[in-house]
$ cat run-v3.csv   # CSV, C-alpha atoms and all ligand atoms
chain,number,residue,atom,x,y,z
A,258,MET,CA,33.7,23.2,-4.2
A,259,SER,CA,32.0,20.2,-2.5
A,260,HIS,CA,31.7,16.9,-4.4
A,261,GLN,CA,28.3,15.7,-5.7
A,262,PHE,CA,27.8,12.1,-4.6
A,263,GLY,CA,25.8,9.5,-6.5
A,264,PRO,CA,24.1,9.3,-9.9
A,265,ASP,CA,21.9,12.1,-11.2
A,266,TYR,CA,18.8,9.8,-11.0
A,267,VAL,CA,19.3,9.3,-7.3
A,268,ARG,CA,19.8,13.0,-6.5
A,269,ALA,CA,16.6,13.8,-8.5
A,270,ILE,CA,14.4,11.7,-6.1
A,271,ALA,CA,12.0,13.7,-3.9
A,272,PRO,CA,12.1,12.1,-0.4
A,273,TYR,CA,9.0,10.1,0.7
A,274,GLN,CA,6.5,12.1,2.8
A,275,SER,CA,5.0,9.9,5.4
A,276,GLY,CA,2.0,10.8,7.5
A,277,LYS,CA,3.1,13.1,10.3
A,278,PRO,CA,3.6,11.3,13.6
A,279,ILE,CA,1.3,12.3,16.5
A,280,SER,CA,4.3,13.4,18.7
A,281,GLU,CA,5.5,15.7,16.0
A,282,VAL,CA,2.1,17.4,15.5
A,283,ALA,CA,1.8,17.8,19.3
A,284,ARG,CA,5.1,19.5,19.5
A,285,GLU,CA,4.6,21.7,16.5
A,286,PHE,CA,1.1,22.9,17.3
A,287,GLY,CA,1.4,22.8,21.1
A,288,LEU,CA,-1.4,20.2,21.4
A,289,ASP,CA,-2.0,17.3,23.9
A,290,GLU,CA,-1.0,14.0,22.3
A,291,ASP,CA,-4.0,12.2,23.7
A,292,LYS,CA,-6.4,14.6,21.8
A,293,ILE,CA,-4.8,14.2,18.4
A,294,VAL,CA,-6.6,12.1,15.8
A,295,LYS,CA,-4.4,10.5,13.1
A,296,LEU,CA,-6.1,9.5,9.9
A,297,ALA,CA,-3.1,9.8,7.7
A,298,SER,CA,-1.5,6.5,7.0
A,299,ASN,CA,-4.3,4.0,6.4
A,300,GLU,CA,-3.5,2.2,9.6
A,301,ASN,CA,-6.0,-0.1,11.3
A,302,PRO,CA,-7.9,2.0,13.8
A,303,LEU,CA,-8.4,-1.0,16.0
A,304,GLY,CA,-4.6,-1.2,16.5
A,305,MET,CA,-2.8,-4.5,16.5
A,306,PRO,CA,-4.7,-7.7,17.2
A,307,ALA,CA,-4.3,-9.1,20.8
A,308,SER,CA,-3.4,-12.5,19.3
A,309,ALA,CA,-0.3,-10.9,17.7
A,310,GLN,CA,0.6,-9.2,20.9
A,311,GLN,CA,0.5,-12.5,22.8
A,312,ALA,CA,2.5,-14.2,20.1
A,313,MET,CA,5.2,-11.6,20.4
A,314,LEU,CA,5.4,-11.9,24.1
A,315,ALA,CA,6.0,-15.7,23.7
A,316,VAL,CA,9.1,-15.1,21.6
A,317,MET,CA,10.6,-12.2,23.6
A,318,GLY,CA,13.0,-14.5,25.4
A,319,ASP,CA,14.6,-15.6,22.1
A,320,LEU,CA,15.6,-12.2,20.7
A,321,GLY,CA,19.2,-12.8,21.3
A,322,ARG,CA,19.2,-15.1,18.3
A,323,TYR,CA,18.8,-14.2,14.7
A,324,PRO,CA,15.4,-14.6,13.1
A,325,ASP,CA,14.5,-17.6,11.0
A,326,ALA,CA,16.0,-16.4,7.6
A,327,ASN,CA,13.5,-18.6,5.7
A,328,GLY,CA,10.5,-17.6,7.9
A,329,PHE,CA,9.4,-21.2,8.0
A,330,ASP,CA,6.3,-20.8,10.3
A,331,LEU,CA,5.2,-17.6,8.6
A,332,LYS,CA,5.5,-19.2,5.1
A,333,ALA,CA,3.6,-22.2,6.4
A,334,ALA,CA,0.8,-19.9,7.6
A,335,VAL,CA,0.7,-18.0,4.3
A,336,ALA,CA,0.8,-21.3,2.3
A,337,ALA,CA,-2.1,-22.7,4.3
A,338,LYS,CA,-4.2,-19.5,4.1
A,339,TYR,CA,-3.7,-18.9,0.4
A,340,GLN,CA,-3.3,-22.5,-0.7
A,341,VAL,CA,0.1,-22.2,-2.4
A,342,PRO,CA,3.3,-24.1,-2.0
A,343,GLN,CA,5.9,-22.5,0.3
A,344,ASP,CA,8.4,-22.0,-2.6
A,345,TRP,CA,5.9,-19.6,-4.1
A,346,ILE,CA,6.3,-17.2,-1.2
A,347,THR,CA,8.7,-14.3,-0.6
A,348,LEU,CA,8.6,-12.5,2.7
A,349,GLY,CA,9.2,-8.7,2.8
A,350,ASN,CA,10.0,-6.0,5.4
A,351,GLY,CA,6.6,-4.6,4.6
A,352,SER,CA,5.3,-5.0,1.1
A,353,ASN,CA,7.4,-1.9,0.2
A,354,ASP,CA,10.3,-4.3,0.4
A,355,ILE,CA,8.6,-6.6,-2.1
A,356,LEU,CA,7.9,-3.8,-4.5
A,357,GLU,CA,11.5,-2.8,-4.4
A,358,LEU,CA,12.9,-6.4,-4.6
A,359,VAL,CA,11.0,-7.0,-7.8
A,360,ALA,CA,12.4,-3.9,-9.5
A,361,HIS,CA,16.0,-4.7,-8.4
A,362,ALA,CA,15.7,-8.3,-9.5
A,363,LEU,CA,14.2,-7.6,-12.9
A,364,VAL,CA,15.0,-4.2,-14.3
A,365,GLU,CA,18.2,-2.6,-15.5
A,366,PRO,CA,18.9,1.1,-15.6
A,367,GLN,CA,17.2,2.8,-18.6
A,368,GLN,CA,14.7,0.0,-19.1
A,369,ALA,CA,11.0,0.8,-18.5
A,370,ILE,CA,8.7,0.3,-15.5
A,371,MET,CA,5.0,1.2,-16.0
A,372,TYR,CA,2.4,2.4,-13.6
A,373,ALA,CA,-0.7,4.5,-13.6
A,374,GLN,CA,-1.0,8.2,-12.8
A,375,TYR,CA,-2.3,8.7,-9.2
A,376,SER,CA,-1.1,5.3,-8.2
A,377,PHE,CA,1.1,4.4,-5.2
A,378,ILE,CA,4.1,6.8,-4.7
A,379,VAL,CA,6.5,4.0,-4.0
A,380,TYR,CA,6.3,2.9,-7.7
A,381,PRO,CA,8.0,6.1,-9.0
A,382,LEU,CA,10.4,6.1,-6.1
A,383,VAL,CA,11.6,2.5,-6.9
A,384,THR,CA,11.8,3.4,-10.6
A,385,GLN,CA,14.0,6.4,-9.9
A,386,ALA,CA,16.1,4.6,-7.4
A,387,ILE,CA,17.3,2.0,-9.9
A,388,GLY,CA,17.6,4.5,-12.8
A,389,ALA,CA,14.8,3.0,-14.8
A,390,ARG,CA,12.5,4.9,-17.1
A,391,ALA,CA,8.9,5.5,-16.0
A,392,ILE,CA,6.0,5.0,-18.3
A,393,VAL,CA,3.2,6.8,-16.5
A,394,VAL,CA,-0.2,6.0,-18.0
A,395,PRO,CA,-2.9,8.7,-17.5
A,396,ALA,CA,-5.6,7.7,-15.0
A,397,LYS,CA,-9.2,7.2,-16.0
A,398,ASP,CA,-11.7,8.3,-13.4
A,399,PHE,CA,-8.9,8.4,-10.9
A,400,GLY,CA,-8.1,4.7,-11.5
A,401,HIS,CA,-6.1,2.5,-13.8
A,402,ASP,CA,-6.8,2.5,-17.5
A,403,LEU,CA,-5.8,-1.0,-18.3
A,404,THR,CA,-6.6,-0.7,-22.0
A,405,ALA,CA,-4.2,2.2,-22.3
A,406,MET,CA,-1.6,0.5,-20.1
A,407,SER,CA,-1.7,-2.6,-22.3
A,408,ALA,CA,-1.3,-0.4,-25.4
A,409,ALA,CA,1.6,1.5,-23.8
A,410,ILE,CA,3.8,-1.5,-23.3
A,411,THR,CA,7.2,-1.1,-25.1
A,412,ALA,CA,9.9,-3.6,-26.1
A,413,ASP,CA,11.9,-2.5,-23.1
A,414,THR,CA,9.1,-2.6,-20.5
A,415,LYS,CA,10.1,-5.1,-17.8
A,416,LEU,CA,7.7,-4.4,-15.0
A,417,ILE,CA,4.1,-3.1,-14.5
A,418,TYR,CA,2.8,-2.1,-11.1
A,419,ILE,CA,-1.0,-2.2,-10.5
A,420,ALA,CA,-2.6,-1.4,-7.2
A,421,ASN,CA,-6.0,-2.9,-6.6
A,422,PRO,CA,-7.6,-1.1,-4.7
A,423,ASN,CA,-5.4,1.8,-5.6
A,424,ASN,CA,-3.8,4.2,-3.1
A,425,PRO,CA,-4.4,7.2,-2.8
A,426,THR,CA,-7.7,7.1,-4.8
A,427,GLY,CA,-9.4,4.0,-3.5
A,428,THR,CA,-10.5,2.9,-7.0
A,429,PHE,CA,-11.1,-0.7,-7.8
A,430,ILE,CA,-10.5,-2.7,-11.0
A,431,PRO,CA,-13.1,-5.5,-11.4
A,432,ALA,CA,-11.6,-9.0,-11.7
A,433,GLY,CA,-12.7,-9.5,-15.3
A,434,ASP,CA,-10.8,-6.4,-16.4
A,435,ILE,CA,-7.6,-7.6,-14.7
A,436,GLU,CA,-7.9,-11.0,-16.2
A,437,ALA,CA,-8.4,-9.5,-19.7
A,438,PHE,CA,-5.3,-7.3,-19.1
A,439,LEU,CA,-3.1,-10.2,-18.0
A,440,HIS,CA,-4.0,-12.0,-21.2
A,441,THR,CA,-2.6,-9.1,-23.2
A,442,VAL,CA,0.7,-8.7,-21.3
A,443,PRO,CA,3.8,-10.3,-23.1
A,444,ALA,CA,5.2,-13.3,-21.1
A,445,ASN,CA,8.5,-11.5,-20.6
A,446,VAL,CA,6.9,-8.6,-18.8
A,447,VAL,CA,6.2,-9.0,-15.1
A,448,VAL,CA,3.1,-7.7,-13.5
A,449,VAL,CA,3.0,-6.8,-9.8
A,450,LEU,CA,-0.6,-6.9,-8.5
A,451,ASP,CA,-0.3,-4.9,-5.3
A,452,GLU,CA,-3.3,-5.9,-3.1
A,453,ALA,CA,-2.5,-4.0,0.1
A,454,TYR,CA,-6.2,-3.3,0.7
A,455,ASN,CA,-7.7,-6.6,-0.5
A,456,GLU,CA,-9.1,-7.6,2.9
A,457,TYR,CA,-11.5,-4.6,2.8
A,458,LEU,CA,-13.2,-5.6,-0.4
A,459,ALA,CA,-17.0,-6.2,-0.1
A,460,LYS,CA,-18.0,-9.8,-0.7
A,461,GLU,CA,-19.4,-9.2,-4.2
A,462,LEU,CA,-16.1,-7.6,-5.3
A,463,GLN,CA,-13.7,-10.3,-4.0
A,464,TYR,CA,-11.8,-12.4,-6.6
A,465,ASP,CA,-9.2,-15.1,-6.7
A,466,SER,CA,-5.8,-13.6,-7.7
A,467,ILE,CA,-3.9,-16.7,-6.6
A,468,ALA,CA,-5.7,-18.6,-9.5
A,469,TRP,CA,-4.1,-16.1,-11.9
A,470,VAL,CA,-0.6,-16.7,-10.2
A,471,ARG,CA,-1.1,-20.4,-11.1
A,472,GLN,CA,-1.9,-19.5,-14.7
A,473,TYR,CA,0.6,-16.7,-15.3
A,474,PRO,CA,4.4,-17.3,-14.5
A,475,ASN,CA,4.9,-13.5,-15.0
A,476,LEU,CA,2.5,-12.4,-12.2
A,477,VAL,CA,3.5,-11.4,-8.6
A,478,VAL,CA,0.7,-10.8,-6.1
A,479,SER,CA,1.8,-8.6,-3.2
A,480,ARG,CA,0.1,-8.5,0.2
A,481,THR,CA,0.8,-6.6,3.4
A,482,MET,CA,0.2,-7.1,7.1
A,483,SER,CA,0.2,-3.3,7.6
A,484,LYS,CA,-3.5,-2.5,6.9
A,485,ALA,CA,-6.4,-4.8,7.8
A,486,PHE,CA,-4.1,-7.1,9.8
A,487,GLY,CA,-3.0,-4.2,12.0
A,488,LEU,CA,0.7,-4.7,12.0
A,489,ALA,CA,2.1,-1.5,10.3
A,490,GLY,CA,4.8,-0.9,12.9
A,491,LEU,CA,6.2,-4.4,12.6
A,492,ARG,CA,6.8,-4.3,8.8
A,493,VAL,CA,5.6,-7.5,7.2
A,494,GLY,CA,4.5,-8.1,3.6
A,495,PHE,CA,4.8,-11.0,1.3
A,496,ALA,CA,4.7,-11.9,-2.4
A,497,ILE,CA,3.1,-14.9,-4.1
A,498,ALA,CA,4.5,-15.9,-7.5
A,499,GLN,CA,5.5,-19.1,-9.3
A,500,PRO,CA,8.9,-20.6,-8.2
A,501,ALA,CA,11.1,-19.2,-11.1
A,502,LEU,CA,10.2,-15.6,-10.0
A,503,THR,CA,10.2,-16.3,-6.3
A,504,GLU,CA,13.6,-17.9,-6.5
A,505,LEU,CA,15.0,-14.8,-8.1
A,506,LEU,CA,13.4,-12.5,-5.5
A,507,ASN,CA,14.8,-14.6,-2.7
A,508,ARG,CA,18.3,-14.4,-4.1
A,509,ILE,CA,18.5,-10.7,-3.5
A,510,ARG,CA,16.3,-10.5,-0.4
A,511,GLN,CA,18.2,-9.6,2.8
A,512,PRO,CA,18.2,-12.9,4.7
A,513,PHE,CA,16.9,-11.4,7.9
A,514,ASN,CA,14.5,-8.9,6.4
A,515,VAL,CA,11.6,-9.9,8.7
A,516,ASN,CA,12.5,-9.9,12.3
A,517,SER,CA,11.5,-12.5,14.9
A,518,LEU,CA,8.8,-10.5,16.6
A,519,ALA,CA,7.2,-9.6,13.3
A,520,GLN,CA,7.2,-13.2,12.1
A,521,ALA,CA,5.5,-14.4,15.2
A,522,ALA,CA,2.9,-11.6,15.2
A,523,ALA,CA,2.2,-12.1,11.5
A,524,VAL,CA,1.4,-15.9,12.0
A,525,ALA,CA,-1.1,-15.0,14.7
A,526,ALA,CA,-2.7,-12.1,12.8
A,527,LEU,CA,-3.0,-14.2,9.6
A,528,ASN,CA,-5.1,-16.7,11.5
A,529,ASP,CA,-7.1,-14.2,13.4
A,530,THR,CA,-10.3,-14.2,11.3
A,531,ALA,CA,-12.4,-12.5,14.0
A,532,PHE,CA,-10.1,-9.5,14.1
A,533,LEU,CA,-10.0,-9.3,10.3
A,534,ASN,CA,-13.8,-9.5,10.1
A,535,GLU,CA,-14.2,-6.8,12.8
A,536,SER,CA,-11.7,-4.6,10.9
A,537,ALA,CA,-13.7,-4.8,7.7
A,538,GLU,CA,-16.9,-4.1,9.6
A,539,VAL,CA,-15.5,-1.0,11.3
A,540,ASN,CA,-14.2,0.2,8.0
A,541,ALA,CA,-17.5,-0.3,6.2
A,542,ALA,CA,-19.4,1.7,8.9
A,543,GLY,CA,-16.7,4.4,8.9
A,544,TYR,CA,-16.9,4.7,5.1
A,545,VAL,CA,-20.7,5.4,5.4
A,546,GLN,CA,-20.1,7.9,8.1
A,547,LEU,CA,-17.4,9.9,6.2
A,548,THR,CA,-19.1,9.8,2.8
A,549,ALA,CA,-22.4,10.9,4.4
A,550,ALA,CA,-20.5,14.0,5.8
A,551,CYS,CA,-19.0,14.7,2.3
A,552,LYS,CA,-22.5,14.6,0.8
A,553,GLU,CA,-23.8,16.9,3.6
A,554,LEU,CA,-21.0,19.4,2.9
A,555,ALA,CA,-21.4,19.0,-0.9
A,556,LEU,CA,-17.8,17.8,-1.2
A,557,GLU,CA,-16.8,15.7,-4.1
A,558,TYR,CA,-15.1,12.4,-3.2
A,559,VAL,CA,-13.8,9.4,-5.1
A,560,PRO,CA,-15.8,6.2,-4.2
A,561,SER,CA,-13.4,4.0,-2.4
A,562,CYS,CA,-13.0,0.3,-1.9
A,563,ALA,CA,-10.2,0.7,0.6
A,564,ASN,CA,-9.8,2.1,4.2
A,565,PHE,CA,-9.5,5.7,3.2
A,566,VAL,CA,-11.4,8.3,1.1
A,567,LEU,CA,-10.0,10.9,-1.2
A,568,VAL,CA,-11.9,14.1,-0.7
A,569,LYS,CA,-11.9,17.3,-2.7
A,570,VAL,CA,-11.6,20.3,-0.3
A,571,GLY,CA,-11.5,23.2,-2.7
A,572,ASN,CA,-11.2,24.3,-6.3
A,573,ASP,CA,-7.8,26.1,-6.1
A,574,ASP,CA,-4.4,24.4,-6.0
A,575,GLY,CA,-3.7,25.7,-2.5
A,576,ALA,CA,-6.8,24.1,-1.1
A,577,GLY,CA,-5.3,20.8,0.1
A,578,ALA,CA,-2.4,22.4,1.9
A,579,ARG,CA,-4.6,25.1,3.4
A,580,VAL,CA,-7.3,22.8,4.7
A,581,ASN,CA,-4.6,20.4,5.9
A,582,LEU,CA,-3.0,23.1,8.0
A,583,ALA,CA,-6.4,24.1,9.4
A,584,LEU,CA,-7.0,20.5,10.4
A,585,LEU,CA,-3.5,20.1,12.0
A,586,LYS,CA,-4.2,23.2,14.2
A,587,GLN,CA,-7.2,21.3,15.5
A,588,GLY,CA,-5.2,18.2,16.1
A,589,VAL,CA,-6.5,16.2,13.1
A,590,ILE,CA,-3.8,14.6,10.9
A,591,VAL,CA,-4.8,13.6,7.3
A,592,ARG,CA,-2.7,13.2,4.2
A,593,PRO,CA,-2.2,16.0,1.7
A,594,VAL,CA,-1.7,14.5,-1.8
A,595,GLY,CA,-0.2,17.4,-3.7
A,596,GLY,CA,2.8,15.1,-4.3
A,597,TYR,CA,0.6,12.8,-6.3
A,598,GLY,CA,-0.6,15.7,-8.4
A,599,LEU,CA,-3.8,16.1,-6.5
A,600,PRO,CA,-3.4,19.5,-4.7
A,601,GLN,CA,-7.1,20.1,-4.3
A,602,TRP,CA,-7.7,16.8,-2.4
A,603,LEU,CA,-7.0,15.2,0.9
A,604,ARG,CA,-6.8,11.5,1.7
A,605,VAL,CA,-8.5,10.6,4.9
A,606,SER,CA,-8.0,7.2,6.5
A,607,ILE,CA,-11.2,5.7,7.9
A,608,GLY,CA,-11.0,5.6,11.7
A,609,LEU,CA,-13.2,4.7,14.7
A,610,PRO,CA,-16.6,6.4,14.8
A,611,ALA,CA,-15.3,9.0,17.3
A,612,GLU,CA,-12.2,9.7,15.2
A,613,ASN,CA,-14.3,10.1,12.1
A,614,ALA,CA,-16.6,12.5,13.9
A,615,ALA,CA,-13.7,14.6,15.2
A,616,PHE,CA,-12.4,14.8,11.6
A,617,ILE,CA,-15.8,15.9,10.3
A,618,ALA,CA,-16.2,18.5,13.0
A,619,ALA,CA,-12.7,19.9,12.3
A,620,LEU,CA,-13.3,19.9,8.6
A,621,LYS,CA,-16.5,22.0,9.0
A,622,ILE,CA,-14.4,24.6,10.9
A,623,ALA,CA,-11.5,24.3,8.4
A,624,LEU,CA,-13.8,25.0,5.5
A,625,GLY,CA,-15.4,28.0,7.3
B,701,LIG,C1,0.1,0.8,2.4
B,701,LIG,C2,0.4,0.2,1.1
B,701,LIG,C3,1.3,-0.8,0.9
B,701,LIG,C4,1.9,-1.5,2.1
B,701,LIG,O1,3.1,-1.0,2.5
B,701,LIG,P1,3.9,-1.8,3.7
B,701,LIG,O2,5.3,-1.6,3.3
B,701,LIG,O3,3.5,-3.2,3.6
B,701,LIG,O4,3.5,-1.2,5.0
B,701,LIG,C5,1.6,-1.3,-0.3
B,701,LIG,N1,0.9,-0.8,-1.4
B,701,LIG,C6,0.0,0.1,-1.3
B,701,LIG,C7,-0.7,0.5,-2.6
B,701,LIG,C8,-0.2,0.7,-0.1
B,701,LIG,O5,-1.1,1.7,0.0

$ encode --input "run-v3.csv" --output "structure tokens"
Amino acid sequence: MSHQFGPDYVRAIAPYQSGKPISEVAREFGLDEDKIVKLASNENPLGMPASAQQAMLAVMGDLGRYPDANGFDLKAAVAAKYQVPQDWITLGNGSNDILELVAHALVEPQQAIMYAQYSFIVYPLVTQAIGARAIVVPAKDFGHDLTAMSAAITADTKLIYIANPNNPTGTFIPAGDIEAFLHTVPANVVVVLDEAYNEYLAKELQYDSIAWVRQYPNLVVSRTMSKAFGLAGLRVGFAIAQPALTELLNRIRQPFNVNSLAQAAAVAALNDTAFLNESAEVNAAGYVQLTAACKELALEYVPSCANFVLVKVGNDDGAGARVNLALLKQGVIVRPVGGYGLPQWLRVSIGLPAENAAFIAALKIALG
């Protein structure tokens, strides 16, 4: 009989399902890679900024050396942009790294981590990986129910994840609600405010979460360079929190978790306001294009403040998988969300106008 390795809670983890790579879909369905449209991973359809590409070329000659373990230039750029001291910043290999670091640093096996139903899949993954207990608070209108979350805090709750806007639903929590929530959270419970899609927020929705970091020593704001900044393949994210928490996170961070190319590219992208503005504009136009098609096809969708839309493609629990397969056969990759408990829905990243049009045309065929 073969030996079973590892703790039960690790063996129970369902592996993360990423968006299918273009090359894999091309092989599997016998399609031309150039004709495939990928709207599955909330990547920036403009690709990476040219400024970041140039910055990477400039450091190519130095790759024989280790990266700067403290990420001095990148922290300086983050500090300047968000107006915080450098010892309030933790760099991550993507913000997934940050989300994981926080749990490792703060939570023991059996203690509780809280998150909302239909929120980012990495929260349950991290919770399971460290053998913690999940408190999953039912969603309200596909988003976070902060009143219920506040009421569900137990004596052993150590960490609460909140995604704003949320993935995969795109829902948004207004600033006033977050502020009221933070006020109710005990000082020994850490809140991670995961703002991966913050840069897409319309002007009237924008808020100052860094001001809350100054006010609350138990708040971590998490940001990523993977979405609006266009650097998903390089893996850069960062956390902003007061020094006591930041110091703890940096103790267990891998010293070289952000590589030299990524650090250089991130500095350039952080300062590339023109690219960021263009990304937000392309996204806003694409949102109008996709939601107009949903209305035309009488498909329900969840109003989104991010760079994707959650669309209901049928009333039976096979609908998401069925329509997804029909789209794949036409070379359109979107994200089924059955793993989130949403088997009737598909999450569609907002692309360039032609990509959105290709999705809409394929969807019409897929729905018959
Ligand atoms: C995409 C996403 C992230 C970012 O992940 P990276 O590891 O930085 O690429 C974080 N949180 C949420 C909610 C996301 O959707």

$ closest_residue --input "run-v3.csv" --among "A:Ile279, A:Ala485, A:Ala420, A:Leu348" --to "ligand LIG 701 (chain B)" --atoms "all atoms listed in the file"
A:Ala420

$ atom_distance --input "run-v3.csv" --atom1 "CA of Asn299 (chain A)" --atom2 "CA of Gly598 (chain A)"
19.2 Å

$ closest_residue --input "run-v3.csv" --among "A:Pro272, A:Gly595, A:Pro431, A:Pro306" --to "Thr530 (chain A)" --atoms "all atoms listed in the file"
A:Pro306

$ atom_distance --input "run-v3.csv" --atom1 "atom O5 of ligand LIG 701 (chain B)" --atom2 "CA of Val393 (chain A)"
17.8 Å

$ closest_residue --input "run-v3.csv" --among "A:Gly276, A:Pro395, A:Gly427, A:Gly494" --to "ligand LIG 701 (chain B)" --atoms "all atoms listed in the file"
A:Gly494

$ atom_distance --input "run-v3.csv" --atom1 "CA of Leu358 (chain A)" --atom2 "CA of Arg510 (chain A)"
6.8 Å

$ residues_around --input "run-v3.csv" --residues "region 441-443 of chain A" --least-positions-apart "2" --cutoff "12 Å" --atoms "all atoms listed in the file" --output "ChimeraX atom specification"
/A:403-417,434-439,445-449,473-476

$ closest_residue --input "run-v3.csv" --among "A:Leu458, A:Ala297, A:Met305, A:Ala523" --to "Arg592 (chain A)" --atoms "only C-alpha atoms"
A:Ala297

$ closest_residue --input "run-v3.csv" --among "A:Gln385, A:Asn507, A:Ala522, A:Ala618" --to "Asp265 (chain A)" --atoms "only C-alpha atoms"
A:Gln385

$ residues_around --input "run-v3.csv" --residues "Leu609 (chain A)" --least-positions-apart "6" --cutoff "12 Å" --atoms "all atoms listed in the file" --output "PDB file with C-alpha atoms, keeping the file's coordinate frame"
ATOM      1  CA  VAL A 294      -6.600  12.100  15.800  1.00  0.00           C
ATOM      2  CA  LYS A 295      -4.400  10.500  13.100  1.00  0.00           C
ATOM      3  CA  LEU A 296      -6.100   9.500   9.900  1.00  0.00           C
ATOM      4  CA  GLU A 300      -3.500   2.200   9.600  1.00  0.00           C
ATOM      5  CA  ASN A 301      -6.000  -0.100  11.300  1.00  0.00           C
ATOM      6  CA  PRO A 302      -7.900   2.000  13.800  1.00  0.00           C
ATOM      7  CA  LEU A 303      -8.400  -1.000  16.000  1.00  0.00           C
ATOM      8  CA  GLY A 304      -4.600  -1.200  16.500  1.00  0.00           C
ATOM      9  CA  GLU A 535     -14.200  -6.800  12.800  1.00  0.00           C
ATOM     10  CA  SER A 536     -11.700  -4.600  10.900  1.00  0.00           C
ATOM     11  CA  ALA A 537     -13.700  -4.800   7.700  1.00  0.00           C
ATOM     12  CA  GLU A 538     -16.900  -4.100   9.600  1.00  0.00           C
ATOM     13  CA  VAL A 539     -15.500  -1.000  11.300  1.00  0.00           C
ATOM     14  CA  ASN A 540     -14.200   0.200   8.000  1.00  0.00           C
ATOM     15  CA  ALA A 541     -17.500  -0.300   6.200  1.00  0.00           C
ATOM     16  CA  ALA A 542     -19.400   1.700   8.900  1.00  0.00           C
ATOM     17  CA  GLY A 543     -16.700   4.400   8.900  1.00  0.00           C
ATOM     18  CA  TYR A 544     -16.900   4.700   5.100  1.00  0.00           C
ATOM     19  CA  VAL A 545     -20.700   5.400   5.400  1.00  0.00           C
ATOM     20  CA  GLN A 546     -20.100   7.900   8.100  1.00  0.00           C
ATOM     21  CA  LEU A 547     -17.400   9.900   6.200  1.00  0.00           C
ATOM     22  CA  ASN A 564      -9.800   2.100   4.200  1.00  0.00           C
ATOM     23  CA  ALA A 615     -13.700  14.600  15.200  1.00  0.00           C
ATOM     24  CA  PHE A 616     -12.400  14.800  11.600  1.00  0.00           C
TER      25      PHE A 616
END

$ closest_residue --input "run-v3.csv" --among "A:Ala360, A:Ala611, A:Val559, A:Leu491" --to "Leu518 (chain A)" --atoms "all atoms listed in the file"
A:Leu491

$ residues_around --input "run-v3.csv" --residues "region 321-337 of chain A" --least-positions-apart "6" --cutoff "12 Å" --atoms "all atoms listed in the file" --output "short mmCIF file (atom, residue, chain, number, x, y, z; two decimals) with C-alpha atoms, in the frame of the given file"
data_model
loop_
_atom_site.label_atom_id
_atom_site.label_comp_id
_atom_site.auth_asym_id
_atom_site.auth_seq_id
_atom_site.Cartn_x
_atom_site.Cartn_y
_atom_site.Cartn_z
CA GLN A 343 5.90 -22.50 0.30
CA ASP A 344 8.40 -22.00 -2.60
CA TRP A 345 5.90 -19.60 -4.10
CA ILE A 346 6.30 -17.20 -1.20
CA THR A 347 8.70 -14.30 -0.60
CA LEU A 348 8.60 -12.50 2.70
CA GLY A 349 9.20 -8.70 2.80
CA ASN A 350 10.00 -6.00 5.40
CA ILE A 467 -3.90 -16.70 -6.60
CA ARG A 480 0.10 -8.50 0.20
CA THR A 481 0.80 -6.60 3.40
CA MET A 482 0.20 -7.10 7.10
CA VAL A 493 5.60 -7.50 7.20
CA GLY A 494 4.50 -8.10 3.60
CA PHE A 495 4.80 -11.00 1.30
CA ALA A 496 4.70 -11.90 -2.40
CA ILE A 497 3.10 -14.90 -4.10
CA ALA A 498 4.50 -15.90 -7.50
CA ASN A 507 14.80 -14.60 -2.70
CA ARG A 508 18.30 -14.40 -4.10
CA ARG A 510 16.30 -10.50 -0.40
CA GLN A 511 18.20 -9.60 2.80
CA PRO A 512 18.20 -12.90 4.70
CA PHE A 513 16.90 -11.40 7.90
CA ASN A 514 14.50 -8.90 6.40
CA VAL A 515 11.60 -9.90 8.70
CA ASN A 516 12.50 -9.90 12.30
CA SER A 517 11.50 -12.50 14.90
CA LEU A 518 8.80 -10.50 16.60
CA ALA A 519 7.20 -9.60 13.30
CA GLN A 520 7.20 -13.20 12.10
CA ALA A 521 5.50 -14.40 15.20
CA ALA A 522 2.90 -11.60 15.20
CA ALA A 523 2.20 -12.10 11.50
CA VAL A 524 1.40 -15.90 12.00
CA ALA A 525 -1.10 -15.00 14.70
CA ALA A 526 -2.70 -12.10 12.80
CA LEU A 527 -3.00 -14.20 9.60
CA ASN A 528 -5.10 -16.70 11.50
CA ASP A 529 -7.10 -14.20 13.40
#

$ build_atoms --input "run-v3.csv" --residues "region 497-502 of chain A" --atoms "N, CA and C atoms" --output "PDB file, in the frame of the given file"
ATOM      1  N   ILE A 497       3.401 -13.574  -3.609  1.00  0.00           N
ATOM      2  CA  ILE A 497       3.100 -14.900  -4.100  1.00  0.00           C
ATOM      3  C   ILE A 497       3.314 -14.925  -5.594  1.00  0.00           C
ATOM      4  N   ALA A 498       4.193 -15.807  -6.037  1.00  0.00           N
ATOM      5  CA  ALA A 498       4.500 -15.900  -7.500  1.00  0.00           C
ATOM      6  C   ALA A 498       5.010 -17.357  -7.705  1.00  0.00           C
ATOM      7  N   GLN A 499       5.041 -17.774  -8.958  1.00  0.00           N
ATOM      8  CA  GLN A 499       5.500 -19.100  -9.300  1.00  0.00           C
ATOM      9  C   GLN A 499       7.040 -19.202  -8.898  1.00  0.00           C
ATOM     10  N   PRO A 500       7.575 -20.424  -8.761  1.00  0.00           N
ATOM     11  CA  PRO A 500       8.900 -20.600  -8.200  1.00  0.00           C
ATOM     12  C   PRO A 500      10.042 -19.887  -8.988  1.00  0.00           C
ATOM     13  N   ALA A 501       9.961 -19.783 -10.311  1.00  0.00           N
ATOM     14  CA  ALA A 501      11.100 -19.200 -11.100  1.00  0.00           C
ATOM     15  C   ALA A 501      11.258 -17.703 -10.601  1.00  0.00           C
ATOM     16  N   LEU A 502      10.160 -16.970 -10.504  1.00  0.00           N
ATOM     17  CA  LEU A 502      10.200 -15.600 -10.000  1.00  0.00           C
ATOM     18  C   LEU A 502      10.577 -15.506  -8.557  1.00  0.00           C
TER      19      LEU A 502
END
